[in-house]
Amino acid sequence: MPTNALQKFTKKYDEYPDDIFADTRMSLGDHIEELRYRMLNAIKCLLAFMFIGFMLDFVGWSIGNRNLGIGMPMLDVITEPVKQQTRDFYYRKALKDADDKLAQLTDSAPEEIARIRQKLKDNENSLEALTADERLKLLGAPEEMPVFIPTSALEPAFGPRKKEAPDELAVKLRVYPAHITSLSSKGEGLLESKNYLTTLSAQESMVVYFKVSILCGIVLSCPFIFYQFWAFVGAGLYPHEKRYVYLFFGPSVGLFLAGVLLCQFIVLPGTVKALLRFNEILGFDPDIRLNEWLGLALILPLVFGVSFQTPLLMVFLNRIGIFTAQDYLTKWRYACIIIAFFAALLTPTPDVITMLYLFVPMFGLYMGGILVCHLFPGFKPDEDSESDSADEVAV
């Protein structure tokens with residue numbers, strides 16, 4: 001039956017006159033010249049949008065507004081998920097260390113602290129020489145820290161200072177280093193003063209910025225690039241082929257954007273959070289490189305956008321009579337295995353979390369494609385049989 005459907009589909013070419021491309025026919029040299037012309041126009045559009053992006057980024061940087069521009073704001077959008085999740089990772093770690101260790105601190109006799117410090121000094125300051133209880137006692141031992149206090153701060157309690165009194169008092173406070181370190185770690189998370197993405201070379205950040213700017217230029221100039229591409233290819237298509245392009249173009253763009261947005265705002269934060277949980281469980285501190293994260297943050301949304309084209313492929317195969325909605329439904333188990341293999345192959349990380357983030361929406365789109373094929377069927381085998389019988393009777 002699919003063979004009959006394809007034959008019926010190809011009969012549309014016989015409905016057109018033989019010389020339908022008389023106005024657009026070109027020699028090989030003319031085709032090459034037309035291709036060069038369209039490619040140059042597309043490159044000019046790309047360079048124009050990149051130049052506009054650089055200018056807006058420069059203006060935004062000059063006035064101190066990072067939201068004004070193209071490349072810099074997009075770089076913030078791409079790096080924000082990993083920054084947020086890494087900041088939360090270290091904040092949770094600081095709270096956990098405070099609950100586990102600082103709560104167990106007890107005051108020890110000065111003689112005991114002196115003995116532990118002498119033992120540590122005798123063993124070349126190797127903490128392995130101390131027992132767990134001794135390390136805990138040393139952690140709770142106060143240390144002297146010199147500070148300067150302005151005498152004006154003491155006036156509310158002791159009255160106006162005398163003329164010969166100094167402006168500052170040098171005193172030594174006894175503080176707990178463990179508490180200061182814990183408060184400093186918490187403050188870094190609340191103030192967002194620490195940058196959790198690192199670069200291993202002086203030029204890495206500049207290279208990353210240019211990559212993002214080029215990508216933004218391609219995205220913004222896509223309508224003009226697609227127009228140049230369509231102007232070159234569309235001249236050689238039949239009217240019904242153009243109709244299929246117009247029919248599938250809108251849903252294709254919508255599904256692609258849905259996949260990219262889902263990945264950017266749901267999948268990427270969830271993936272980073274799940275992967276950092278493994279670091280938290282195993283006791284490792286992550287040191288994430290900017291360039292490595294950019295590779296994941298750029299490739300994964302594109303993978304999701306392309307994968308979300310599954311329903312359109314199903315509808316197309318249904319329209320030309322290769323598969324029906326019933327075929328898709330009866331073979332859902334095979335489709336499940338193929339989608340799982342596809343998700344594991346395309347996701348750039350080897351973890352199962354990222355694979356499931358792609359597998360679940362793809363399988364949902366597969367079921368949605370079955371519904372669309374059922375509501376808007378393509379060639380029906382019964383109609384093909386009836387038309388074949390009618391042809392035989394007419395003969």
# chains A, B, ... in the order shown; residues from 1 in each chain; ligands from 1
>>> select_by_dssp(residues="stretch 14-212 of chain A", states="alpha helix (DSSP H)", output="ChimeraX atom specification")
/A:28-63,71-100,110-122,132-139,155-158,177-191,204-212
>>> residues_around(residues="stretch 259-273 of chain A", least_positions_apart="5", cutoff="7 Å", atoms="only C-alpha atoms", output="PyMOL selection string")
chain A and resi 81-82+85+301-302+304-305+308+353-354+357
>>> write_last_selection(atoms="N, CA and C atoms", output="PDB file, in the first residue's frame")
ATOM      1  N   PRO A  81      22.710  29.729  34.622  1.00  0.00           N
ATOM      2  CA  PRO A  81      22.334  28.468  35.288  1.00  0.00           C
ATOM      3  C   PRO A  81      23.466  27.846  36.088  1.00  0.00           C
ATOM      4  N   VAL A  82      24.664  27.785  35.516  1.00  0.00           N
ATOM      5  CA  VAL A  82      25.771  27.150  36.230  1.00  0.00           C
ATOM      6  C   VAL A  82      26.243  28.025  37.384  1.00  0.00           C
ATOM      7  N   GLN A  85      23.590  27.461  40.293  1.00  0.00           N
ATOM      8  CA  GLN A  85      23.670  26.141  40.910  1.00  0.00           C
ATOM      9  C   GLN A  85      24.990  25.938  41.657  1.00  0.00           C
ATOM     10  N   PRO A 301      21.071  22.998  23.761  1.00  0.00           N
ATOM     11  CA  PRO A 301      19.825  23.590  23.234  1.00  0.00           C
ATOM     12  C   PRO A 301      19.593  23.286  21.759  1.00  0.00           C
ATOM     13  N   LEU A 302      20.663  23.247  20.953  1.00  0.00           N
ATOM     14  CA  LEU A 302      20.495  22.893  19.539  1.00  0.00           C
ATOM     15  C   LEU A 302      20.013  21.455  19.389  1.00  0.00           C
ATOM     16  N   PHE A 304      18.194  19.805  21.524  1.00  0.00           N
ATOM     17  CA  PHE A 304      16.772  19.786  21.891  1.00  0.00           C
ATOM     18  C   PHE A 304      15.917  20.376  20.774  1.00  0.00           C
ATOM     19  N   GLY A 305      16.384  21.474  20.172  1.00  0.00           N
ATOM     20  CA  GLY A 305      15.604  22.078  19.098  1.00  0.00           C
ATOM     21  C   GLY A 305      15.429  21.161  17.912  1.00  0.00           C
ATOM     22  N   PHE A 308      13.075  18.167  18.730  1.00  0.00           N
ATOM     23  CA  PHE A 308      11.652  18.499  18.810  1.00  0.00           C
ATOM     24  C   PHE A 308      10.985  18.516  17.435  1.00  0.00           C
ATOM     25  N   ILE A 353      20.880  11.603  33.677  1.00  0.00           N
ATOM     26  CA  ILE A 353      19.955  12.705  33.968  1.00  0.00           C
ATOM     27  C   ILE A 353      19.680  13.522  32.712  1.00  0.00           C
ATOM     28  N   THR A 354      20.748  13.917  32.020  1.00  0.00           N
ATOM     29  CA  THR A 354      20.575  14.705  30.795  1.00  0.00           C
ATOM     30  C   THR A 354      19.844  13.905  29.724  1.00  0.00           C
ATOM     31  N   TYR A 357      16.178  13.959  30.453  1.00  0.00           N
ATOM     32  CA  TYR A 357      15.601  15.266  30.133  1.00  0.00           C
ATOM     33  C   TYR A 357      15.256  15.375  28.650  1.00  0.00           C
TER      34      TYR A 357
END
>>> closest_residue(among="A:Asp167, A:Glu280, A:Glu112, A:Glu80", to="A:Lys137", atoms="only C-alpha atoms")
A:Glu112
>>> select_by_dssp(residues="stretch 86-220 of chain A", states="strand (DSSP E)", output="PyMOL selection string")
chain A and resi 143-150+168-175+197-198
>>> write_last_selection(atoms="all heavy atoms", output="CSV table (one decimal), in the first residue's frame")
chain,number,residue,atom,x,y,z
A,143,GLU,N,41.9,32.3,68.7
A,143,GLU,CA,43.2,32.9,68.3
A,143,GLU,C,43.1,34.4,68.5
A,143,GLU,O,42.1,35.0,68.5
A,143,GLU,CB,43.4,32.6,66.8
A,143,GLU,CG,43.5,31.1,66.5
A,143,GLU,CD,44.9,30.5,66.7
A,143,GLU,OE1,45.8,31.3,67.0
A,143,GLU,OE2,45.1,29.3,66.5
A,144,GLU,N,44.3,34.9,68.7
A,144,GLU,CA,44.4,36.4,68.9
A,144,GLU,C,44.5,37.1,67.6
A,144,GLU,O,45.2,36.6,66.7
A,144,GLU,CB,45.6,36.7,69.8
A,144,GLU,CG,45.5,36.4,71.2
A,144,GLU,CD,46.6,37.0,72.1
A,144,GLU,OE1,47.6,37.4,71.4
A,144,GLU,OE2,46.5,36.9,73.3
A,145,MET,N,43.7,38.1,67.4
A,145,MET,CA,43.7,38.9,66.1
A,145,MET,C,43.8,40.4,66.5
A,145,MET,O,42.9,40.9,67.2
A,145,MET,CB,42.4,38.6,65.3
A,145,MET,CG,42.3,39.3,64.0
A,145,MET,SD,40.8,38.9,63.0
A,145,MET,CE,39.6,39.8,64.0
A,146,PRO,N,44.8,41.0,66.0
A,146,PRO,CA,45.0,42.5,66.3
A,146,PRO,C,44.0,43.3,65.5
A,146,PRO,O,43.8,43.0,64.3
A,146,PRO,CB,46.4,42.8,65.9
A,146,PRO,CG,46.8,41.7,64.9
A,146,PRO,CD,46.0,40.5,65.3
A,147,VAL,N,43.3,44.2,66.1
A,147,VAL,CA,42.4,45.1,65.5
A,147,VAL,C,42.6,46.5,66.0
A,147,VAL,O,43.2,46.7,67.0
A,147,VAL,CB,40.9,44.7,65.7
A,147,VAL,CG1,40.6,43.3,65.1
A,147,VAL,CG2,40.6,44.7,67.2
A,148,PHE,N,42.1,47.5,65.2
A,148,PHE,CA,42.2,48.9,65.6
A,148,PHE,C,40.8,49.4,65.7
A,148,PHE,O,39.9,49.3,64.8
A,148,PHE,CB,42.9,49.7,64.5
A,148,PHE,CG,44.4,49.4,64.5
A,148,PHE,CD1,44.9,48.5,63.6
A,148,PHE,CD2,45.3,50.1,65.3
A,148,PHE,CE1,46.2,48.2,63.6
A,148,PHE,CE2,46.6,49.9,65.2
A,148,PHE,CZ,47.1,48.9,64.4
A,149,ILE,N,40.5,50.0,66.9
A,149,ILE,CA,39.1,50.5,67.2
A,149,ILE,C,39.2,52.0,67.3
A,149,ILE,O,40.0,52.5,68.1
A,149,ILE,CB,38.6,49.9,68.5
A,149,ILE,CG1,38.5,48.4,68.4
A,149,ILE,CG2,37.2,50.4,68.8
A,149,ILE,CD1,38.1,47.7,69.7
A,150,PRO,N,38.4,52.7,66.5
A,150,PRO,CA,38.4,54.2,66.7
A,150,PRO,C,37.8,54.6,68.0
A,150,PRO,O,36.8,54.1,68.5
A,150,PRO,CB,37.5,54.7,65.5
A,150,PRO,CG,36.7,53.5,65.1
A,150,PRO,CD,37.5,52.3,65.5
A,168,GLU,N,42.8,56.1,67.6
A,168,GLU,CA,42.5,54.7,67.5
A,168,GLU,C,43.2,54.0,68.6
A,168,GLU,O,44.3,54.4,69.2
A,168,GLU,CB,43.1,54.1,66.1
A,168,GLU,CG,42.3,54.6,64.9
A,168,GLU,CD,42.9,54.0,63.6
A,168,GLU,OE1,44.1,53.7,63.6
A,168,GLU,OE2,42.2,54.0,62.7
A,169,LEU,N,42.6,52.8,69.0
A,169,LEU,CA,43.2,52.0,70.0
A,169,LEU,C,43.6,50.6,69.4
A,169,LEU,O,42.8,50.0,68.7
A,169,LEU,CB,42.2,51.7,71.1
A,169,LEU,CG,41.8,52.9,72.0
A,169,LEU,CD1,40.8,52.5,73.0
A,169,LEU,CD2,43.1,53.5,72.7
A,170,ALA,N,44.8,50.2,69.6
A,170,ALA,CA,45.3,48.9,69.1
A,170,ALA,C,45.0,47.9,70.2
A,170,ALA,O,45.6,47.9,71.2
A,170,ALA,CB,46.7,48.9,68.7
A,171,VAL,N,44.1,46.9,69.9
A,171,VAL,CA,43.8,45.9,70.8
A,171,VAL,C,43.8,44.5,70.1
A,171,VAL,O,43.9,44.4,68.9
A,171,VAL,CB,42.3,46.1,71.4
A,171,VAL,CG1,42.2,47.4,72.1
A,171,VAL,CG2,41.3,46.1,70.2
A,172,LYS,N,43.9,43.5,70.9
A,172,LYS,CA,43.9,42.1,70.4
A,172,LYS,C,42.6,41.4,70.9
A,172,LYS,O,42.3,41.3,72.1
A,172,LYS,CB,45.1,41.4,70.9
A,172,LYS,CG,46.4,41.9,70.3
A,172,LYS,CD,47.6,41.0,70.8
A,172,LYS,CE,48.9,41.5,70.1
A,172,LYS,NZ,50.1,40.7,70.6
A,173,LEU,N,41.9,40.9,69.9
A,173,LEU,CA,40.6,40.2,70.2
A,173,LEU,C,40.9,38.7,70.1
A,173,LEU,O,41.7,38.2,69.2
A,173,LEU,CB,39.5,40.6,69.2
A,173,LEU,CG,39.1,42.1,69.3
A,173,LEU,CD1,38.0,42.3,68.2
A,173,LEU,CD2,38.6,42.5,70.6
A,174,ARG,N,40.2,37.9,70.9
A,174,ARG,CA,40.2,36.5,70.8
A,174,ARG,C,39.1,36.0,69.9
A,174,ARG,O,37.9,36.2,70.3
A,174,ARG,CB,40.2,35.8,72.2
A,174,ARG,CG,41.5,36.1,73.0
A,174,ARG,CD,41.3,35.6,74.4
A,174,ARG,NE,41.2,34.2,74.4
A,174,ARG,CZ,42.2,33.3,74.4
A,174,ARG,NH1,43.5,33.8,74.3
A,174,ARG,NH2,42.0,32.0,74.5
A,175,VAL,N,39.3,35.5,68.8
A,175,VAL,CA,38.3,35.1,67.8
A,175,VAL,C,38.4,33.6,67.5
A,175,VAL,O,39.5,33.0,67.8
A,175,VAL,CB,38.4,35.9,66.5
A,175,VAL,CG1,38.2,37.4,66.8
A,175,VAL,CG2,39.7,35.7,65.8
A,197,LEU,N,32.9,30.5,37.6
A,197,LEU,CA,33.4,30.0,36.3
A,197,LEU,C,34.8,30.5,36.1
A,197,LEU,O,35.1,31.7,36.3
A,197,LEU,CB,32.5,30.5,35.2
A,197,LEU,CG,31.2,29.8,35.0
A,197,LEU,CD1,30.3,30.5,33.9
A,197,LEU,CD2,31.4,28.3,34.6
A,198,THR,N,35.7,29.6,35.8
A,198,THR,CA,37.1,30.0,35.7
A,198,THR,C,37.6,29.9,34.3
A,198,THR,O,37.1,29.2,33.5
A,198,THR,CB,38.0,29.1,36.6
A,198,THR,OG1,37.8,27.7,36.2
A,198,THR,CG2,37.5,29.2,38.1
>>> residues_around(residues="A:Cys373", least_positions_apart="3", cutoff="7 Å", atoms="only C-alpha atoms", output="PyMOL selection string")
chain A and resi 315+318+325+369-370+376-377
>>> closest_residue(among="A:Ala103, A:Ile322, A:Ile288, A:Leu312", to="A:Leu200", atoms="only C-alpha atoms")
A:Ile288
>>> residues_around(residues="stretch 284-286 of chain A", least_positions_apart="5", cutoff="10 Å", atoms="only C-alpha atoms", output="list in words")
Thr86, Phe89, Tyr90, Lys93, Tyr196, Leu197, Leu275, Leu276, Arg277, Phe278 and Asn279 of chain A
>>> write_last_selection(atoms="N, CA and C atoms", output="mmCIF file, in the first residue's frame")
data_model
loop_
_atom_site.group_PDB
_atom_site.id
_atom_site.type_symbol
_atom_site.label_atom_id
_atom_site.label_comp_id
_atom_site.auth_asym_id
_atom_site.auth_seq_id
_atom_site.Cartn_x
_atom_site.Cartn_y
_atom_site.Cartn_z
ATOM 1 N N THR A 86 26.097 26.464 41.129
ATOM 2 C CA THR A 86 27.380 26.341 41.825
ATOM 3 C C THR A 86 27.391 27.184 43.095
ATOM 4 N N PHE A 89 25.495 25.332 45.590
ATOM 5 C CA PHE A 89 26.283 24.179 46.033
ATOM 6 C C PHE A 89 27.214 24.574 47.179
ATOM 7 N N TYR A 90 27.958 25.659 47.000
ATOM 8 C CA TYR A 90 28.905 26.078 48.037
ATOM 9 C C TYR A 90 28.185 26.654 49.257
ATOM 10 N N LYS A 93 27.073 23.694 51.184
ATOM 11 C CA LYS A 93 28.251 23.091 51.791
ATOM 12 C C LYS A 93 28.670 23.855 53.040
ATOM 13 N N TYR A 196 32.148 31.758 39.915
ATOM 14 C CA TYR A 196 32.319 30.307 39.977
ATOM 15 C C TYR A 196 32.718 29.699 38.641
ATOM 16 N N LEU A 197 32.859 30.511 37.596
ATOM 17 C CA LEU A 197 33.367 30.035 36.315
ATOM 18 C C LEU A 197 34.799 30.533 36.145
ATOM 19 N N LEU A 275 24.177 17.069 38.524
ATOM 20 C CA LEU A 275 25.593 16.717 38.445
ATOM 21 C C LEU A 275 26.362 17.225 39.664
ATOM 22 N N LEU A 276 26.001 18.411 40.154
ATOM 23 C CA LEU A 276 26.672 18.925 41.344
ATOM 24 C C LEU A 276 26.296 18.129 42.587
ATOM 25 N N ARG A 277 25.129 17.508 42.566
ATOM 26 C CA ARG A 277 24.746 16.646 43.686
ATOM 27 C C ARG A 277 25.719 15.482 43.829
ATOM 28 N N PHE A 278 26.199 14.959 42.688
ATOM 29 C CA PHE A 278 27.188 13.890 42.743
ATOM 30 C C PHE A 278 28.481 14.383 43.376
ATOM 31 N N ASN A 279 28.890 15.607 43.052
ATOM 32 C CA ASN A 279 30.063 16.179 43.699
ATOM 33 C C ASN A 279 29.847 16.326 45.194
#
>>> residues_around(residues="A:Tyr366", least_positions_apart="2", cutoff="12 Å", atoms="only C-alpha atoms", output="PyMOL selection string")
chain A and resi 307-315+325+328-329+331-336+338-339+359-364+368-373
>>> write_last_selection(atoms="N, CA and C atoms", output="mmCIF file, in the first residue's frame")
data_model
loop_
_atom_site.group_PDB
_atom_site.id
_atom_site.type_symbol
_atom_site.label_atom_id
_atom_site.label_comp_id
_atom_site.auth_asym_id
_atom_site.auth_seq_id
_atom_site.Cartn_x
_atom_site.Cartn_y
_atom_site.Cartn_z
ATOM 1 N N SER A 307 15.694 17.820 18.011
ATOM 2 C CA SER A 307 14.939 16.640 18.445
ATOM 3 C C SER A 307 13.444 16.913 18.504
ATOM 4 N N PHE A 308 13.075 18.167 18.730
ATOM 5 C CA PHE A 308 11.652 18.499 18.810
ATOM 6 C C PHE A 308 10.985 18.516 17.435
ATOM 7 N N GLN A 309 11.735 18.215 16.378
ATOM 8 C CA GLN A 309 11.139 18.120 15.044
ATOM 9 C C GLN A 309 10.505 16.746 14.804
ATOM 10 N N THR A 310 10.526 15.873 15.819
ATOM 11 C CA THR A 310 10.006 14.512 15.673
ATOM 12 C C THR A 310 8.561 14.482 15.162
ATOM 13 N N PRO A 311 7.626 15.260 15.720
ATOM 14 C CA PRO A 311 6.243 15.195 15.207
ATOM 15 C C PRO A 311 6.135 15.583 13.733
ATOM 16 N N LEU A 312 6.935 16.558 13.284
ATOM 17 C CA LEU A 312 6.866 16.955 11.879
ATOM 18 C C LEU A 312 7.347 15.844 10.966
ATOM 19 N N LEU A 313 8.407 15.137 11.375
ATOM 20 C CA LEU A 313 8.867 13.999 10.587
ATOM 21 C C LEU A 313 7.808 12.918 10.522
ATOM 22 N N MET A 314 7.139 12.672 11.638
ATOM 23 C CA MET A 314 6.059 11.667 11.659
ATOM 24 C C MET A 314 4.919 12.074 10.745
ATOM 25 N N VAL A 315 4.538 13.363 10.804
ATOM 26 C CA VAL A 315 3.431 13.838 9.957
ATOM 27 C C VAL A 315 3.811 13.753 8.484
ATOM 28 N N ALA A 325 -1.064 6.400 11.481
ATOM 29 C CA ALA A 325 -1.133 6.592 12.928
ATOM 30 C C ALA A 325 -1.192 5.256 13.654
ATOM 31 N N TYR A 328 2.353 3.815 13.907
ATOM 32 C CA TYR A 328 3.111 4.466 14.988
ATOM 33 C C TYR A 328 2.681 3.937 16.358
ATOM 34 N N LEU A 329 1.363 3.735 16.529
ATOM 35 C CA LEU A 329 0.849 3.313 17.827
ATOM 36 C C LEU A 329 1.241 1.878 18.152
ATOM 37 N N LYS A 331 3.807 0.269 17.151
ATOM 38 C CA LYS A 331 5.270 0.121 17.265
ATOM 39 C C LYS A 331 5.858 1.102 18.277
ATOM 40 N N TRP A 332 5.085 1.477 19.303
ATOM 41 C CA TRP A 332 5.575 2.455 20.268
ATOM 42 C C TRP A 332 6.723 1.906 21.103
ATOM 43 N N ARG A 333 6.762 0.583 21.315
ATOM 44 C CA ARG A 333 7.868 0.013 22.099
ATOM 45 C C ARG A 333 9.185 0.156 21.351
ATOM 46 N N TYR A 334 9.149 -0.122 20.044
ATOM 47 C CA TYR A 334 10.361 0.065 19.239
ATOM 48 C C TYR A 334 10.768 1.543 19.223
ATOM 49 N N ALA A 335 9.766 2.418 19.113
ATOM 50 C CA ALA A 335 10.056 3.857 19.115
ATOM 51 C C ALA A 335 10.682 4.286 20.439
ATOM 52 N N CYS A 336 10.233 3.688 21.534
ATOM 53 C CA CYS A 336 10.780 4.019 22.847
ATOM 54 C C CYS A 336 12.270 3.681 22.909
ATOM 55 N N ILE A 338 14.317 3.328 20.290
ATOM 56 C CA ILE A 338 15.051 4.183 19.349
ATOM 57 C C ILE A 338 15.248 5.578 19.929
ATOM 58 N N ILE A 339 14.217 6.128 20.566
ATOM 59 C CA ILE A 339 14.322 7.458 21.153
ATOM 60 C C ILE A 339 15.340 7.461 22.295
ATOM 61 N N PHE A 359 14.838 12.438 26.643
ATOM 62 C CA PHE A 359 13.992 11.294 26.292
ATOM 63 C C PHE A 359 12.522 11.566 26.604
ATOM 64 N N VAL A 360 12.249 12.112 27.782
ATOM 65 C CA VAL A 360 10.847 12.284 28.210
ATOM 66 C C VAL A 360 10.079 13.213 27.268
ATOM 67 N N PRO A 361 10.566 14.430 26.952
ATOM 68 C CA PRO A 361 9.798 15.266 26.010
ATOM 69 C C PRO A 361 9.732 14.685 24.603
ATOM 70 N N MET A 362 10.793 13.982 24.162
ATOM 71 C CA MET A 362 10.753 13.393 22.826
ATOM 72 C C MET A 362 9.684 12.307 22.741
ATOM 73 N N PHE A 363 9.585 11.485 23.774
ATOM 74 C CA PHE A 363 8.548 10.451 23.762
ATOM 75 C C PHE A 363 7.160 11.082 23.847
ATOM 76 N N GLY A 364 7.037 12.164 24.627
ATOM 77 C CA GLY A 364 5.760 12.880 24.654
ATOM 78 C C GLY A 364 5.411 13.469 23.299
ATOM 79 N N GLY A 368 2.283 12.764 20.832
ATOM 80 C CA GLY A 368 1.538 13.866 20.230
ATOM 81 C C GLY A 368 1.499 13.772 18.714
ATOM 82 N N GLY A 369 2.606 13.300 18.105
ATOM 83 C CA GLY A 369 2.618 13.090 16.661
ATOM 84 C C GLY A 369 1.618 12.042 16.226
ATOM 85 N N ILE A 370 1.437 11.006 17.042
ATOM 86 C CA ILE A 370 0.421 9.985 16.727
ATOM 87 C C ILE A 370 -0.966 10.615 16.717
ATOM 88 N N LEU A 371 -1.232 11.488 17.685
ATOM 89 C CA LEU A 371 -2.540 12.144 17.738
ATOM 90 C C LEU A 371 -2.766 13.028 16.516
ATOM 91 N N VAL A 372 -1.739 13.778 16.122
ATOM 92 C CA VAL A 372 -1.874 14.639 14.938
ATOM 93 C C VAL A 372 -2.099 13.807 13.689
ATOM 94 N N CYS A 373 -1.364 12.705 13.549
ATOM 95 C CA CYS A 373 -1.541 11.832 12.386
ATOM 96 C C CYS A 373 -2.930 11.200 12.367
#
>>> residues_around(residues="A:Ser205", least_positions_apart="5", cutoff="8 Å", atoms="only C-alpha atoms", output="PyMOL selection string")
chain A and resi 199+290-291
>>> residues_around(residues="stretch 212-217 of chain A", least_positions_apart="3", cutoff="12 Å", atoms="only C-alpha atoms", output="PyMOL selection string")
chain A and resi 42-57+69-79+205-209+220-225+291+294-295+297-299+302
>>> closest_residue(among="A:Ala202, A:Ser182, A:Leu28, A:Pro239", to="A:Asp99", atoms="only C-alpha atoms")
A:Ser182
>>> atom_distance(atom1="atom CA of A:Leu190", atom2="atom CA of A:Tyr91")
8.3 Å
>>> atom_distance(atom1="atom CA of A:Trp230", atom2="atom CA of A:Leu346")
28.5 Å
>>> atom_distance(atom1="atom CA of A:Leu68", atom2="atom CA of A:Ser193")
22.0 Å
>>> decode(residues="stretch 52-58 of chain A", atoms="all heavy atoms", output="PDB file, in the first residue's frame")
ATOM      1  N   ILE A  52      26.514  45.484  14.751  1.00  0.00           N
ATOM      2  CA  ILE A  52      25.522  46.128  15.623  1.00  0.00           C
ATOM      3  C   ILE A  52      25.634  45.587  17.044  1.00  0.00           C
ATOM      4  O   ILE A  52      25.555  46.335  18.029  1.00  0.00           O
ATOM      5  CB  ILE A  52      24.106  45.916  15.060  1.00  0.00           C
ATOM      6  CG1 ILE A  52      23.947  46.649  13.720  1.00  0.00           C
ATOM      7  CG2 ILE A  52      23.047  46.385  16.053  1.00  0.00           C
ATOM      8  CD1 ILE A  52      22.642  46.362  13.015  1.00  0.00           C
ATOM      9  N   GLY A  53      25.829  44.261  17.176  1.00  0.00           N
ATOM     10  CA  GLY A  53      25.970  43.663  18.501  1.00  0.00           C
ATOM     11  C   GLY A  53      27.191  44.178  19.239  1.00  0.00           C
ATOM     12  O   GLY A  53      27.124  44.487  20.439  1.00  0.00           O
ATOM     13  N   PHE A  54      28.329  44.296  18.535  1.00  0.00           N
ATOM     14  CA  PHE A  54      29.540  44.815  19.171  1.00  0.00           C
ATOM     15  C   PHE A  54      29.329  46.252  19.635  1.00  0.00           C
ATOM     16  O   PHE A  54      29.777  46.638  20.729  1.00  0.00           O
ATOM     17  CB  PHE A  54      30.715  44.747  18.199  1.00  0.00           C
ATOM     18  CG  PHE A  54      31.199  43.355  17.934  1.00  0.00           C
ATOM     19  CD1 PHE A  54      31.638  42.985  16.670  1.00  0.00           C
ATOM     20  CD2 PHE A  54      31.202  42.409  18.946  1.00  0.00           C
ATOM     21  CE1 PHE A  54      32.082  41.700  16.419  1.00  0.00           C
ATOM     22  CE2 PHE A  54      31.648  41.120  18.711  1.00  0.00           C
ATOM     23  CZ  PHE A  54      32.091  40.767  17.443  1.00  0.00           C
ATOM     24  N   MET A  55      28.681  47.070  18.820  1.00  0.00           N
ATOM     25  CA  MET A  55      28.455  48.463  19.184  1.00  0.00           C
ATOM     26  C   MET A  55      27.541  48.572  20.415  1.00  0.00           C
ATOM     27  O   MET A  55      27.804  49.352  21.335  1.00  0.00           O
ATOM     28  CB  MET A  55      27.825  49.226  18.007  1.00  0.00           C
ATOM     29  CG  MET A  55      28.779  49.441  16.836  1.00  0.00           C
ATOM     30  SD  MET A  55      30.213  50.487  17.251  1.00  0.00           S
ATOM     31  CE  MET A  55      31.476  49.219  17.510  1.00  0.00           C
ATOM     32  N   LEU A  56      26.477  47.776  20.431  1.00  0.00           N
ATOM     33  CA  LEU A  56      25.566  47.820  21.578  1.00  0.00           C
ATOM     34  C   LEU A  56      26.251  47.312  22.845  1.00  0.00           C
ATOM     35  O   LEU A  56      26.036  47.851  23.938  1.00  0.00           O
ATOM     36  CB  LEU A  56      24.314  46.991  21.280  1.00  0.00           C
ATOM     37  CG  LEU A  56      23.369  47.551  20.220  1.00  0.00           C
ATOM     38  CD1 LEU A  56      22.214  46.597  19.966  1.00  0.00           C
ATOM     39  CD2 LEU A  56      22.837  48.919  20.645  1.00  0.00           C
ATOM     40  N   ASP A  57      27.082  46.285  22.711  1.00  0.00           N
ATOM     41  CA  ASP A  57      27.826  45.793  23.879  1.00  0.00           C
ATOM     42  C   ASP A  57      28.776  46.856  24.411  1.00  0.00           C
ATOM     43  O   ASP A  57      28.926  47.022  25.633  1.00  0.00           O
ATOM     44  CB  ASP A  57      28.608  44.529  23.515  1.00  0.00           C
ATOM     45  CG  ASP A  57      27.705  43.321  23.324  1.00  0.00           C
ATOM     46  OD1 ASP A  57      26.568  43.346  23.828  1.00  0.00           O
ATOM     47  OD2 ASP A  57      28.135  42.350  22.671  1.00  0.00           O
ATOM     48  N   PHE A  58      29.420  47.559  23.501  1.00  0.00           N
ATOM     49  CA  PHE A  58      30.351  48.619  23.922  1.00  0.00           C
ATOM     50  C   PHE A  58      29.609  49.745  24.635  1.00  0.00           C
ATOM     51  O   PHE A  58      30.074  50.254  25.669  1.00  0.00           O
ATOM     52  CB  PHE A  58      31.106  49.168  22.710  1.00  0.00           C
ATOM     53  CG  PHE A  58      32.030  50.303  23.035  1.00  0.00           C
ATOM     54  CD1 PHE A  58      33.244  50.069  23.664  1.00  0.00           C
ATOM     55  CD2 PHE A  58      31.680  51.612  22.722  1.00  0.00           C
ATOM     56  CE1 PHE A  58      34.097  51.128  23.974  1.00  0.00           C
ATOM     57  CE2 PHE A  58      32.525  52.667  23.028  1.00  0.00           C
ATOM     58  CZ  PHE A  58      33.738  52.414  23.652  1.00  0.00           C
TER      59      PHE A  58
END
